[in-house]
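For reference, data_32.pdb is printed below; it contains PDB, C-alpha atoms.
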MODEL        1
ATOM      1  CA  MET A  27     -27.664   8.064 -23.364
ATOM      2  CA  MET A  28     -25.204   9.227 -20.734
ATOM      3  CA  GLN A  29     -23.115   6.169 -21.444
ATOM      4  CA  SER A  30     -22.877   6.824 -25.165
ATOM      5  CA  PHE A  31     -21.983  10.472 -24.532
ATOM      6  CA  LEU A  32     -19.192   9.398 -22.173
ATOM      7  CA  PHE A  33     -17.996   6.767 -24.625
ATOM      8  CA  TYR A  34     -17.719   9.180 -27.523
ATOM      9  CA  ALA A  35     -16.101  11.849 -25.358
ATOM     10  CA  PHE A  36     -13.423   9.492 -24.075
ATOM     11  CA  ALA A  37     -12.955   7.843 -27.469
ATOM     12  CA  THR A  38     -12.336  11.268 -29.016
ATOM     13  CA  VAL A  39      -9.804  12.110 -26.321
ATOM     14  CA  ILE A  40      -8.033   8.770 -26.750
ATOM     15  CA  VAL A  41      -7.850   8.896 -30.540
ATOM     16  CA  LEU A  42      -6.692  12.515 -30.564
ATOM     17  CA  SER A  43      -4.003  11.789 -27.967
ATOM     18  CA  ALA A  44      -2.856   8.720 -29.879
ATOM     19  CA  LEU A  45      -2.665  10.700 -33.118
ATOM     20  CA  ALA A  46      -0.781  13.487 -31.344
ATOM     21  CA  MET A  47       1.556  10.878 -29.882
ATOM     22  CA  VAL A  48       2.420   9.570 -33.335
ATOM     23  CA  MET A  49       2.535  12.960 -35.047
ATOM     24  CA  SER A  50       4.426  14.931 -32.408
ATOM     25  CA  ARG A  51       8.004  15.750 -33.293
ATOM     26  CA  ASN A  52       9.084  16.154 -29.693
ATOM     27  CA  LEU A  53       9.622  12.870 -27.891
ATOM     28  CA  VAL A  54       8.671  14.268 -24.478
ATOM     29  CA  HIS A  55       5.348  15.506 -25.842
ATOM     30  CA  SER A  56       4.822  12.061 -27.341
ATOM     31  CA  ALA A  57       5.270  10.460 -23.922
ATOM     32  CA  LEU A  58       2.789  12.880 -22.340
ATOM     33  CA  PHE A  59       0.189  12.222 -25.039
ATOM     34  CA  MET A  60       0.749   8.495 -24.561
ATOM     35  CA  ALA A  61      -0.018   8.856 -20.850
ATOM     36  CA  ALA A  62      -3.189  10.785 -21.723
ATOM     37  CA  ALA A  63      -4.307   8.028 -24.099
ATOM     38  CA  PHE A  64      -3.677   5.375 -21.428
ATOM     39  CA  LEU A  65      -5.676   7.383 -18.894
ATOM     40  CA  GLY A  66      -8.595   7.630 -21.316
ATOM     41  CA  MET A  67      -8.430   3.874 -21.863
ATOM     42  CA  ALA A  68      -8.886   3.402 -18.104
ATOM     43  CA  PHE A  69     -12.156   5.336 -18.275
ATOM     44  CA  ILE A  70     -13.285   3.222 -21.219
ATOM     45  CA  TYR A  71     -12.632   0.149 -19.065
ATOM     46  CA  LEU A  72     -14.799   1.689 -16.359
ATOM     47  CA  LEU A  73     -17.585   2.108 -18.937
ATOM     48  CA  LEU A  74     -17.180  -1.593 -19.713
ATOM     49  CA  GLN A  75     -17.667  -2.323 -15.978
ATOM     50  CA  ALA A  76     -14.141  -3.711 -15.713
ATOM     51  CA  ASP A  77     -13.152  -1.674 -12.683
ATOM     52  CA  TYR A  78     -10.242  -3.879 -11.648
ATOM     53  CA  VAL A  79      -8.660  -3.666 -15.111
ATOM     54  CA  ALA A  80      -9.215   0.097 -15.059
ATOM     55  CA  VAL A  81      -7.353   0.468 -11.772
ATOM     56  CA  VAL A  82      -4.547  -1.801 -12.972
ATOM     57  CA  GLN A  83      -4.358   0.243 -16.174
ATOM     58  CA  ILE A  84      -3.894   3.459 -14.212
ATOM     59  CA  LEU A  85      -1.385   1.863 -11.842
ATOM     60  CA  VAL A  86       0.754   0.076 -14.409
ATOM     61  CA  TYR A  87       0.431   2.080 -17.613
ATOM     62  CA  VAL A  88      -0.046   5.633 -16.385
ATOM     63  CA  GLY A  89       1.935   5.184 -13.193
ATOM     64  CA  ALA A  90       4.793   2.919 -14.162
ATOM     65  CA  ILE A  91       5.215   2.550 -17.920
ATOM     66  CA  SER A  92       4.844   6.249 -18.756
ATOM     67  CA  VAL A  93       7.361   7.166 -16.059
ATOM     68  CA  LEU A  94       9.686   4.465 -17.382
ATOM     69  CA  PHE A  95       9.416   5.985 -20.874
ATOM     70  CA  VAL A  96      10.171   9.454 -19.525
ATOM     71  CA  PHE A  97      13.226   8.078 -17.732
ATOM     72  CA  GLY A  98      14.324   6.365 -20.927
ATOM     73  CA  ILE A  99      13.972   9.648 -22.832
ATOM     74  CA  MET A 100      15.895  11.569 -20.190
ATOM     75  CA  LEU A 101      18.719   9.040 -20.017
ATOM     76  CA  THR A 102      19.251   9.081 -23.791
ATOM     77  CA  LYS A 103      19.751  12.819 -23.779
ATOM     78  CA  ARG A 104      20.300  15.117 -26.704
ATOM     79  CA  ALA A 105      21.219  18.729 -27.131
ATOM     80  CA  ARG A 106      17.726  19.797 -28.204
ATOM     81  CA  MET A 107      14.418  17.954 -28.023
ATOM     82  CA  GLU A 108      12.551  19.624 -30.900
ATOM     83  CA  ASP A 109      13.417  17.269 -33.687
ATOM     84  CA  THR A 110      13.870  14.008 -31.808
ATOM     85  CA  ASN A 111      10.810  12.155 -33.067
ATOM     86  CA  ARG A 112      10.844  12.299 -36.838
ATOM     87  CA  PHE A 113       9.231   9.889 -39.261
ATOM     88  CA  ASN A 114      11.533   7.613 -41.206
ATOM     89  CA  ARG A 115      11.381   7.262 -44.974
ATOM     90  CA  TYR A 116       8.551   4.732 -44.772
ATOM     91  CA  GLY A 117       6.111   7.229 -43.257
ATOM     92  CA  LEU A 118       3.786   7.507 -46.232
ATOM     93  CA  LEU A 119       3.818   3.768 -46.865
ATOM     94  CA  ALA A 120       3.050   3.048 -43.207
ATOM     95  CA  LEU A 121       0.194   5.560 -43.305
ATOM     96  CA  LEU A 122      -1.296   3.857 -46.349
ATOM     97  CA  ILE A 123      -0.944   0.395 -44.825
ATOM     98  CA  GLY A 124      -2.414   1.578 -41.527
ATOM     99  CA  LEU A 125      -5.412   3.176 -43.219
ATOM    100  CA  GLY A 126      -5.946   0.080 -45.337
ATOM    101  CA  LEU A 127      -5.741  -2.163 -42.283
ATOM    102  CA  PHE A 128      -8.263   0.004 -40.455
ATOM    103  CA  ALA A 129     -10.625  -0.039 -43.447
ATOM    104  CA  LEU A 130     -10.350  -3.825 -43.593
ATOM    105  CA  LEU A 131     -10.949  -4.268 -39.842
ATOM    106  CA  ALA A 132     -13.845  -1.794 -39.785
ATOM    107  CA  ARG A 133     -15.451  -3.492 -42.766
ATOM    108  CA  ALA A 134     -15.139  -6.878 -41.042
ATOM    109  CA  ILE A 135     -16.499  -5.570 -37.726
ATOM    110  CA  VAL A 136     -19.492  -3.852 -39.310
ATOM    111  CA  ALA A 137     -20.312  -6.810 -41.531
ATOM    112  CA  SER A 138     -19.863  -9.473 -38.858
ATOM    113  CA  HIS A 139     -23.041 -11.223 -37.766
ATOM    114  CA  ALA A 140     -21.411 -12.464 -34.571
ATOM    115  CA  VAL A 141     -20.633  -8.936 -33.407
ATOM    116  CA  ALA A 142     -24.122  -7.678 -34.225
ATOM    117  CA  GLY A 143     -25.756 -10.693 -32.621
ATOM    118  CA  SER A 144     -23.794 -10.478 -29.409
ATOM    119  CA  ALA A 145     -24.382  -6.743 -29.172
ATOM    120  CA  SER A 146     -28.126  -7.140 -29.486
ATOM    121  CA  ALA A 147     -28.094 -10.067 -27.074
ATOM    122  CA  ALA A 148     -26.236  -8.009 -24.528
ATOM    123  CA  GLY A 149     -28.653  -5.156 -25.087
ATOM    124  CA  ALA A 150     -31.605  -7.464 -24.528
ATOM    125  CA  GLY A 151     -30.078  -9.068 -21.481
ATOM    126  CA  GLN A 152     -28.945  -5.782 -20.026
ATOM    127  CA  ALA A 153     -31.284  -5.727 -17.073
ATOM    128  CA  PRO A 154     -30.282  -9.115 -15.597
ATOM    129  CA  ALA A 155     -26.680  -8.549 -16.622
ATOM    130  CA  ASP A 156     -26.505  -5.263 -14.751
ATOM    131  CA  GLY A 157     -27.532  -6.907 -11.522
ATOM    132  CA  SER A 158     -24.812  -9.525 -11.783
ATOM    133  CA  THR A 159     -22.020  -7.400 -13.268
ATOM    134  CA  SER A 160     -21.530  -5.548 -10.030
ATOM    135  CA  ALA A 161     -20.156  -8.885  -8.821
ATOM    136  CA  SER A 162     -18.594 -10.156 -12.066
ATOM    137  CA  GLY A 163     -16.741  -6.939 -12.831
ATOM    138  CA  SER A 164     -15.415  -6.501  -9.350
ATOM    139  CA  ALA A 165     -12.037  -7.419  -7.993
ATOM    140  CA  ALA A 166     -13.556 -10.257  -5.936
ATOM    141  CA  SER A 167     -14.586 -12.441  -8.863
ATOM    142  CA  ILE A 168     -11.468 -11.741 -10.913
ATOM    143  CA  SER A 169      -9.242 -12.564  -7.965
ATOM    144  CA  GLY A 170     -11.180 -15.778  -7.470
ATOM    145  CA  LEU A 171     -10.462 -16.621 -11.093
ATOM    146  CA  LEU A 172      -6.794 -15.602 -10.956
ATOM    147  CA  LEU A 173      -6.038 -17.517  -7.765
ATOM    148  CA  GLY A 174      -8.277 -20.455  -8.674
ATOM    149  CA  ASP A 175      -8.311 -21.766 -12.227
ATOM    150  CA  MET A 176      -5.510 -19.481 -13.403
ATOM    151  CA  ALA A 177      -3.113 -19.945 -10.495
ATOM    152  CA  LEU A 178      -0.461 -21.541 -12.689
ATOM    153  CA  PRO A 179      -0.509 -18.797 -15.388
ATOM    154  CA  LEU A 180      -0.399 -16.240 -12.579
ATOM    155  CA  GLU A 181       2.759 -17.814 -11.189
ATOM    156  CA  ALA A 182       4.201 -17.992 -14.706
ATOM    157  CA  SER A 183       3.571 -14.268 -15.212
ATOM    158  CA  GLY A 184       5.286 -13.618 -11.904
ATOM    159  CA  LEU A 185       8.257 -15.588 -13.197
ATOM    160  CA  ILE A 186       8.226 -13.510 -16.399
ATOM    161  CA  LEU A 187       8.283 -10.319 -14.348
ATOM    162  CA  LEU A 188      11.196 -11.615 -12.272
ATOM    163  CA  ALA A 189      13.118 -12.651 -15.394
ATOM    164  CA  ALA A 190      12.413  -9.266 -17.004
ATOM    165  CA  LEU A 191      13.579  -7.478 -13.858
ATOM    166  CA  THR A 192      16.881  -9.324 -13.668
ATOM    167  CA  GLY A 193      17.294  -9.178 -17.444
ATOM    168  CA  ALA A 194      16.700  -5.433 -17.529
ATOM    169  CA  ILE A 195      19.248  -4.898 -14.770
ATOM    170  CA  ALA A 196      21.798  -7.185 -16.436
ATOM    171  CA  VAL A 197      21.357  -5.576 -19.853
ATOM    172  CA  GLY A 198      21.098  -2.028 -18.535
ATOM    173  CA  LYS A 199      24.214  -2.049 -16.404
ATOM    174  CA  GLY A 200      26.347  -3.186 -19.330
ATOM    175  CA  ALA A 201      28.146  -6.499 -19.751
ATOM    176  CA  LYS A 202      31.666  -5.202 -19.311
ATOM    177  CA  LYS A 203      32.500  -7.027 -16.084
ATOM    178  CA  SER A 204      31.580 -10.457 -17.366
ATOM    179  CA  SER A 205      33.682 -10.220 -20.511
TER
ATOM    180  CA  MET B  15     -26.644   2.743 -27.652
ATOM    181  CA  ILE B  16     -23.018   1.701 -27.437
ATOM    182  CA  GLY B  17     -22.590  -1.884 -28.525
ATOM    183  CA  LEU B  18     -19.706  -4.212 -29.066
ATOM    184  CA  SER B  19     -18.945  -2.901 -32.547
ATOM    185  CA  GLN B  20     -18.216   0.645 -31.327
ATOM    186  CA  TYR B  21     -15.611  -0.679 -28.915
ATOM    187  CA  LEU B  22     -14.110  -2.871 -31.626
ATOM    188  CA  ILE B  23     -13.913   0.068 -34.049
ATOM    189  CA  LEU B  24     -12.153   2.173 -31.407
ATOM    190  CA  SER B  25      -9.782  -0.696 -30.767
ATOM    191  CA  ALA B  26      -9.047  -1.162 -34.478
ATOM    192  CA  LEU B  27      -8.384   2.570 -34.846
ATOM    193  CA  LEU B  28      -5.958   2.560 -31.910
ATOM    194  CA  PHE B  29      -4.242  -0.530 -33.284
ATOM    195  CA  CYS B  30      -3.689   1.106 -36.666
ATOM    196  CA  ILE B  31      -2.393   4.332 -35.098
ATOM    197  CA  GLY B  32      -0.019   2.265 -32.976
ATOM    198  CA  PHE B  33       1.055   0.349 -36.059
ATOM    199  CA  ILE B  34       1.905   3.541 -37.908
ATOM    200  CA  GLY B  35       3.866   4.743 -34.891
ATOM    201  CA  ALA B  36       5.707   1.448 -34.568
ATOM    202  CA  VAL B  37       6.644   1.163 -38.237
ATOM    203  CA  ALA B  38       7.282   4.733 -39.332
ATOM    204  CA  LYS B  39       9.224   6.282 -36.476
ATOM    205  CA  ARG B  40      12.936   6.874 -36.387
ATOM    206  CA  ASN B  41      13.464   6.822 -32.653
ATOM    207  CA  ALA B  42      13.478   3.422 -30.946
ATOM    208  CA  ILE B  43      11.623   4.798 -27.917
ATOM    209  CA  ALA B  44       8.822   6.033 -30.197
ATOM    210  CA  VAL B  45       8.671   2.559 -31.769
ATOM    211  CA  LEU B  46       8.182   1.075 -28.292
ATOM    212  CA  MET B  47       5.392   3.586 -27.639
ATOM    213  CA  GLY B  48       3.612   2.423 -30.779
ATOM    214  CA  VAL B  49       3.884  -1.187 -29.638
ATOM    215  CA  GLU B  50       2.394  -0.216 -26.271
ATOM    216  CA  LEU B  51      -0.546   1.437 -28.021
ATOM    217  CA  MET B  52      -1.145  -1.737 -30.031
ATOM    218  CA  LEU B  53      -1.109  -3.833 -26.848
ATOM    219  CA  ASN B  54      -3.619  -1.458 -25.302
ATOM    220  CA  ALA B  55      -5.907  -1.857 -28.300
ATOM    221  CA  VAL B  56      -5.804  -5.640 -27.867
ATOM    222  CA  ASN B  57      -6.648  -5.215 -24.178
ATOM    223  CA  LEU B  58      -9.665  -3.121 -25.095
ATOM    224  CA  ASN B  59     -10.788  -5.876 -27.449
ATOM    225  CA  LEU B  60     -10.497  -8.508 -24.725
ATOM    226  CA  VAL B  61     -12.389  -6.497 -22.139
ATOM    227  CA  ALA B  62     -15.116  -5.563 -24.632
ATOM    228  CA  PHE B  63     -15.623  -9.191 -25.643
ATOM    229  CA  ASP B  64     -15.717 -10.126 -21.967
ATOM    230  CA  ARG B  65     -18.389  -7.513 -21.269
ATOM    231  CA  PHE B  66     -20.626  -8.510 -24.187
ATOM    232  CA  GLY B  67     -19.954 -12.234 -24.082
ATOM    233  CA  SER B  68     -21.967 -14.808 -22.232
ATOM    234  CA  HIS B  69     -19.365 -16.167 -19.812
ATOM    235  CA  ALA B  70     -20.053 -15.764 -16.126
ATOM    236  CA  ALA B  71     -16.368 -15.720 -15.169
ATOM    237  CA  PRO B  72     -14.449 -12.581 -16.260
ATOM    238  CA  LEU B  73     -11.971 -14.494 -18.408
ATOM    239  CA  GLY B  74     -11.320 -11.591 -20.770
ATOM    240  CA  GLN B  75     -10.430  -9.283 -17.906
ATOM    241  CA  ALA B  76      -8.018 -11.875 -16.530
ATOM    242  CA  PHE B  77      -6.370 -12.094 -19.956
ATOM    243  CA  ALA B  78      -6.091  -8.315 -20.046
ATOM    244  CA  VAL B  79      -4.350  -8.331 -16.669
ATOM    245  CA  PHE B  80      -1.849 -10.899 -17.955
ATOM    246  CA  ILE B  81      -1.189  -8.814 -21.058
ATOM    247  CA  ILE B  82      -0.585  -5.745 -18.890
ATOM    248  CA  ALA B  83       1.972  -7.708 -16.856
ATOM    249  CA  VAL B  84       3.766  -8.939 -19.980
ATOM    250  CA  ALA B  85       3.708  -5.429 -21.475
ATOM    251  CA  ALA B  86       5.349  -4.039 -18.351
ATOM    252  CA  ALA B  87       8.083  -6.668 -18.600
ATOM    253  CA  GLU B  88       8.529  -5.892 -22.297
ATOM    254  CA  VAL B  89       8.930  -2.167 -21.696
ATOM    255  CA  ALA B  90      11.508  -2.736 -18.959
ATOM    256  CA  VAL B  91      13.650  -5.004 -21.135
ATOM    257  CA  GLY B  92      13.164  -2.868 -24.251
ATOM    258  CA  LEU B  93      14.223   0.329 -22.527
ATOM    259  CA  ALA B  94      17.245  -1.433 -21.023
ATOM    260  CA  VAL B  95      18.276  -2.555 -24.520
ATOM    261  CA  ILE B  96      17.789   0.982 -25.860
ATOM    262  CA  LEU B  97      19.874   2.453 -23.015
ATOM    263  CA  THR B  98      22.680  -0.005 -23.706
ATOM    264  CA  LEU B  99      22.570   0.801 -27.420
ATOM    265  CA  TYR B 100      22.653   4.497 -26.641
ATOM    266  CA  ARG B 101      25.690   3.994 -24.408
ATOM    267  CA  ARG B 102      27.551   2.108 -27.138
ATOM    268  CA  ARG B 103      26.540   4.085 -30.208
ATOM    269  CA  ALA B 104      25.307   7.426 -28.820
ATOM    270  CA  SER B 105      22.171   7.077 -30.935
ATOM    271  CA  THR B 106      18.655   5.718 -30.555
ATOM    272  CA  THR B 107      17.769   5.875 -34.233
ATOM    273  CA  VAL B 108      16.508   2.546 -35.503
ATOM    274  CA  ASP B 109      18.144   2.994 -38.909
ATOM    275  CA  ASP B 110      21.590   3.128 -37.302
ATOM    276  CA  LEU B 111      21.211  -0.304 -35.743
ATOM    277  CA  ASP B 112      22.392  -2.331 -38.698
ATOM    278  CA  ALA B 113      25.170  -4.356 -37.082
ATOM    279  CA  LEU B 114      23.622  -7.604 -38.327
ATOM    280  CA  LYS B 115      23.395  -6.356 -41.900
ATOM    281  CA  GLY B 116      25.286  -8.629 -44.309
TER
ENDMDL
END

Show me the file's structure as structure tokens.
Amino acid sequence: MMQSFLFYAFATVIVLSALAMVMSRNLVHSALFMAAAFLGMAFIYLLLQADYVAVVQILVYVGAISVLFVFGIMLTKRARMEDTNRFNRYGLLALLIGLGLFALLARAIVASHAVAGSASAAGAGQAPADGSTSASGSAASISGLLLGDMALPLEASGLILLAALTGAIAVGKGAKKSS
Amino acid sequence: MIGLSQYLILSALLFCIGFIGAVAKRNAIAVLMGVELMLNAVNLNLVAFDRFGSHAAPLGQAFAVFIIAVAAAEVAVGLAVILTLYRRRASTTVDDLDALKG
């Protein structure tokens, strides 16, 4: 009961922040609402017993990506911020397509037997699952997976981060010297 | 009782909101924000399936961590591109970036 109350509370906060992020006409407000939505997502991850992902979410999304967005907004400065985040001329069309996509996805999720079956199975197996999830959700088991079976993808993602770092510096400082 | 379908509905809702933000905004930074929201929705899907699935190893959480790393790289490169465009054209409006238009 407590869990469902927390879920709906955080889901409301997340959806309202996401809507405010899209609807806000001030880009700085949009960035703040985006950070709020990311923070709410971290709590949803905690409800899903994925504590490591929740901490990484707070560190990377709330701590790094939101600050990066704010820096990007500040560096592309304008005279006034009020009208910096307008919709383009496809706003109504995008709204219709988005609503249709959500209706389609929700219909598929509600009608799916696999989703219903797995939910009931998890509900039935909750008691043994709860005993083991304290280990399976923790950083110990996920680090064992990342440094064991997924060592190669982990190194590849490190390479991607390095390439993105050098690429961002090379693109951001301007290519005047090389030409 | 909160089951898998509630998490999936929340994820679908976030994905659609992010889609609207990514498609219908004028500012390139706002478009990137919408893309980030969509990536977050996918992460929520992965973690929810991991929680309600039957695997012992937390594969879905590992996937989510990889997606977070790639999203961080994407934001860094995307913002660098936007800064360079702003320096050259003094604008971050997506509609102005039509240099490849025939």

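Residues matching the PyMOL selection byres ((chain A and resi 127) around 12) in this structure come to Ala120, Leu121, Leu122, Ile123, Gly124, Leu125, Gly126, Phe128, Ala129, Leu130, Leu131, Ala132, Arg133 and Ala134 of chain A; Ile23, Ala26, Leu27, Leu28, Phe29, Cys30, Ile31, Gly32, Phe33 and Ile34 of chain B.
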
Using only C-alpha atoms, please write the residues we just selected to a file, as a PDB file, in the frame of the given file.
ATOM      1  CA  ALA A 120       3.050   3.048 -43.207  1.00  0.00           C
ATOM      2  CA  LEU A 121       0.194   5.560 -43.305  1.00  0.00           C
ATOM      3  CA  LEU A 122      -1.296   3.857 -46.349  1.00  0.00           C
ATOM      4  CA  ILE A 123      -0.944   0.395 -44.825  1.00  0.00           C
ATOM      5  CA  GLY A 124      -2.414   1.578 -41.527  1.00  0.00           C
ATOM      6  CA  LEU A 125      -5.412   3.176 -43.219  1.00  0.00           C
ATOM      7  CA  GLY A 126      -5.946   0.080 -45.337  1.00  0.00           C
ATOM      8  CA  PHE A 128      -8.263   0.004 -40.455  1.00  0.00           C
ATOM      9  CA  ALA A 129     -10.625  -0.039 -43.447  1.00  0.00           C
ATOM     10  CA  LEU A 130     -10.350  -3.825 -43.593  1.00  0.00           C
ATOM     11  CA  LEU A 131     -10.949  -4.268 -39.842  1.00  0.00           C
ATOM     12  CA  ALA A 132     -13.845  -1.794 -39.785  1.00  0.00           C
ATOM     13  CA  ARG A 133     -15.451  -3.492 -42.766  1.00  0.00           C
ATOM     14  CA  ALA A 134     -15.139  -6.878 -41.042  1.00  0.00           C
TER      15      ALA A 134
ATOM     16  CA  ILE B  23     -13.913   0.068 -34.049  1.00  0.00           C
ATOM     17  CA  ALA B  26      -9.047  -1.162 -34.478  1.00  0.00           C
ATOM     18  CA  LEU B  27      -8.384   2.570 -34.846  1.00  0.00           C
ATOM     19  CA  LEU B  28      -5.958   2.560 -31.910  1.00  0.00           C
ATOM     20  CA  PHE B  29      -4.242  -0.530 -33.284  1.00  0.00           C
ATOM     21  CA  CYS B  30      -3.689   1.106 -36.666  1.00  0.00           C
ATOM     22  CA  ILE B  31      -2.393   4.332 -35.098  1.00  0.00           C
ATOM     23  CA  GLY B  32      -0.019   2.265 -32.976  1.00  0.00           C
ATOM     24  CA  PHE B  33       1.055   0.349 -36.059  1.00  0.00           C
ATOM     25  CA  ILE B  34       1.905   3.541 -37.908  1.00  0.00           C
TER      26      ILE B  34
END

Residues returned when the PyMOL selection byres ((chain A and resi 39-52) around 9) runs on this file, as an MDAnalysis selection string:
(chainID A and resid 34:38 53:67 107:113) or (chainID B and resid 24 27:28 31:32 34:36 39 44 47:48 51)

Residues matched by the PyMOL selection byres ((chain B and resi 80) around 12), written as a ChimeraX atom specification
/A:79,82-83,86,168,172,176-184,186-187 /B:53,56-57,60,73-79,81-87

Mind dumping the selected residues with C-alpha atoms as a PDB file, in the coordinates of the input?
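See selection-v4.pdb below for the written result:
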ATOM      1  CA  VAL A  79      -8.660  -3.666 -15.111  1.00  0.00           C
ATOM      2  CA  VAL A  82      -4.547  -1.801 -12.972  1.00  0.00           C
ATOM      3  CA  GLN A  83      -4.358   0.243 -16.174  1.00  0.00           C
ATOM      4  CA  VAL A  86       0.754   0.076 -14.409  1.00  0.00           C
ATOM      5  CA  ILE A 168     -11.468 -11.741 -10.913  1.00  0.00           C
ATOM      6  CA  LEU A 172      -6.794 -15.602 -10.956  1.00  0.00           C
ATOM      7  CA  MET A 176      -5.510 -19.481 -13.403  1.00  0.00           C
ATOM      8  CA  ALA A 177      -3.113 -19.945 -10.495  1.00  0.00           C
ATOM      9  CA  LEU A 178      -0.461 -21.541 -12.689  1.00  0.00           C
ATOM     10  CA  PRO A 179      -0.509 -18.797 -15.388  1.00  0.00           C
ATOM     11  CA  LEU A 180      -0.399 -16.240 -12.579  1.00  0.00           C
ATOM     12  CA  GLU A 181       2.759 -17.814 -11.189  1.00  0.00           C
ATOM     13  CA  ALA A 182       4.201 -17.992 -14.706  1.00  0.00           C
ATOM     14  CA  SER A 183       3.571 -14.268 -15.212  1.00  0.00           C
ATOM     15  CA  GLY A 184       5.286 -13.618 -11.904  1.00  0.00           C
ATOM     16  CA  ILE A 186       8.226 -13.510 -16.399  1.00  0.00           C
ATOM     17  CA  LEU A 187       8.283 -10.319 -14.348  1.00  0.00           C
TER      18      LEU A 187
ATOM     19  CA  LEU B  53      -1.109  -3.833 -26.848  1.00  0.00           C
ATOM     20  CA  VAL B  56      -5.804  -5.640 -27.867  1.00  0.00           C
ATOM     21  CA  ASN B  57      -6.648  -5.215 -24.178  1.00  0.00           C
ATOM     22  CA  LEU B  60     -10.497  -8.508 -24.725  1.00  0.00           C
ATOM     23  CA  LEU B  73     -11.971 -14.494 -18.408  1.00  0.00           C
ATOM     24  CA  GLY B  74     -11.320 -11.591 -20.770  1.00  0.00           C
ATOM     25  CA  GLN B  75     -10.430  -9.283 -17.906  1.00  0.00           C
ATOM     26  CA  ALA B  76      -8.018 -11.875 -16.530  1.00  0.00           C
ATOM     27  CA  PHE B  77      -6.370 -12.094 -19.956  1.00  0.00           C
ATOM     28  CA  ALA B  78      -6.091  -8.315 -20.046  1.00  0.00           C
ATOM     29  CA  VAL B  79      -4.350  -8.331 -16.669  1.00  0.00           C
ATOM     30  CA  ILE B  81      -1.189  -8.814 -21.058  1.00  0.00           C
ATOM     31  CA  ILE B  82      -0.585  -5.745 -18.890  1.00  0.00           C
ATOM     32  CA  ALA B  83       1.972  -7.708 -16.856  1.00  0.00           C
ATOM     33  CA  VAL B  84       3.766  -8.939 -19.980  1.00  0.00           C
ATOM     34  CA  ALA B  85       3.708  -5.429 -21.475  1.00  0.00           C
ATOM     35  CA  ALA B  86       5.349  -4.039 -18.351  1.00  0.00           C
ATOM     36  CA  ALA B  87       8.083  -6.668 -18.600  1.00  0.00           C
TER      37      ALA B  87
END

Skip B:Ala90 itself and residues of its chain fewer than 2 positions away, then list as a list in words all residues within 9 Å of it, counting only C-alpha atoms.
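Near B:Ala90, the qualifying residues are Ile91, Leu94, Ala190, Leu191, Gly193 and Ala194 of chain A; Ala85, Ala86, Ala87, Glu88, Gly92, Leu93, Ala94 and Val95 of chain B.
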
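Closest approach to chain B among A:Arg104, A:Asn114, A:Leu185, A:Ala137: A:Asn114, based on all atoms listed in the file.
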
Exercise: residues within 9 Å of coordinate (15.3, 4.1, -37.2), counting all atoms listed in the file, as a short mmCIF file (atom, residue, chain, number, x, y, z; two decimals) with C-alpha atoms, in the coordinates of the input:
data_model
loop_
_atom_site.label_atom_id
_atom_site.label_comp_id
_atom_site.auth_asym_id
_atom_site.auth_seq_id
_atom_site.Cartn_x
_atom_site.Cartn_y
_atom_site.Cartn_z
CA PHE A 113 9.23 9.89 -39.26
CA ASN A 114 11.53 7.61 -41.21
CA ALA B 38 7.28 4.73 -39.33
CA LYS B 39 9.22 6.28 -36.48
CA ARG B 40 12.94 6.87 -36.39
CA ASN B 41 13.46 6.82 -32.65
CA ALA B 42 13.48 3.42 -30.95
CA VAL B 45 8.67 2.56 -31.77
CA THR B 106 18.66 5.72 -30.56
CA THR B 107 17.77 5.88 -34.23
CA VAL B 108 16.51 2.55 -35.50
CA ASP B 109 18.14 2.99 -38.91
CA ASP B 110 21.59 3.13 -37.30
CA LEU B 111 21.21 -0.30 -35.74
#

Which of these residues is nearest to B:Ala104, using all atoms listed in the file: A:Lys199, A:Arg115, A:His139, A:Lys103?
A:Lys103

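Minimum distance to chain B across A:Gly117, A:Gly170, A:Val88, A:Val93 (counting only C-alpha atoms) occurs at A:Gly117.
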
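Minimum atom-to-atom distances from A:Leu173, A:Leu73, A:Val141, A:Ala165 to chain B were compared using all atoms listed in the file, and the lowest value belongs to A:Val141.
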
Can you pull out every residue within 9 Å of A:Leu74, counting only C-alpha atoms, but drop anything in the same chain fewer than 3 positions away, and send it as a PDB file with C-alpha atoms, keeping the file's coordinate frame?
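Result written to around.pdb:
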ATOM      1  CA  PHE A  69     -12.156   5.336 -18.275  1.00  0.00           C
ATOM      2  CA  ILE A  70     -13.285   3.222 -21.219  1.00  0.00           C
ATOM      3  CA  TYR A  71     -12.632   0.149 -19.065  1.00  0.00           C
ATOM      4  CA  ASP A  77     -13.152  -1.674 -12.683  1.00  0.00           C
ATOM      5  CA  GLY A 163     -16.741  -6.939 -12.831  1.00  0.00           C
TER       6      GLY A 163
ATOM      7  CA  VAL B  61     -12.389  -6.497 -22.139  1.00  0.00           C
ATOM      8  CA  ALA B  62     -15.116  -5.563 -24.632  1.00  0.00           C
ATOM      9  CA  ASP B  64     -15.717 -10.126 -21.967  1.00  0.00           C
ATOM     10  CA  ARG B  65     -18.389  -7.513 -21.269  1.00  0.00           C
ATOM     11  CA  PHE B  66     -20.626  -8.510 -24.187  1.00  0.00           C
TER      12      PHE B  66
END

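Atom to atom, atom CA of B:Gly67 and atom CA of B:Ser19 stand 12.6 Å apart.
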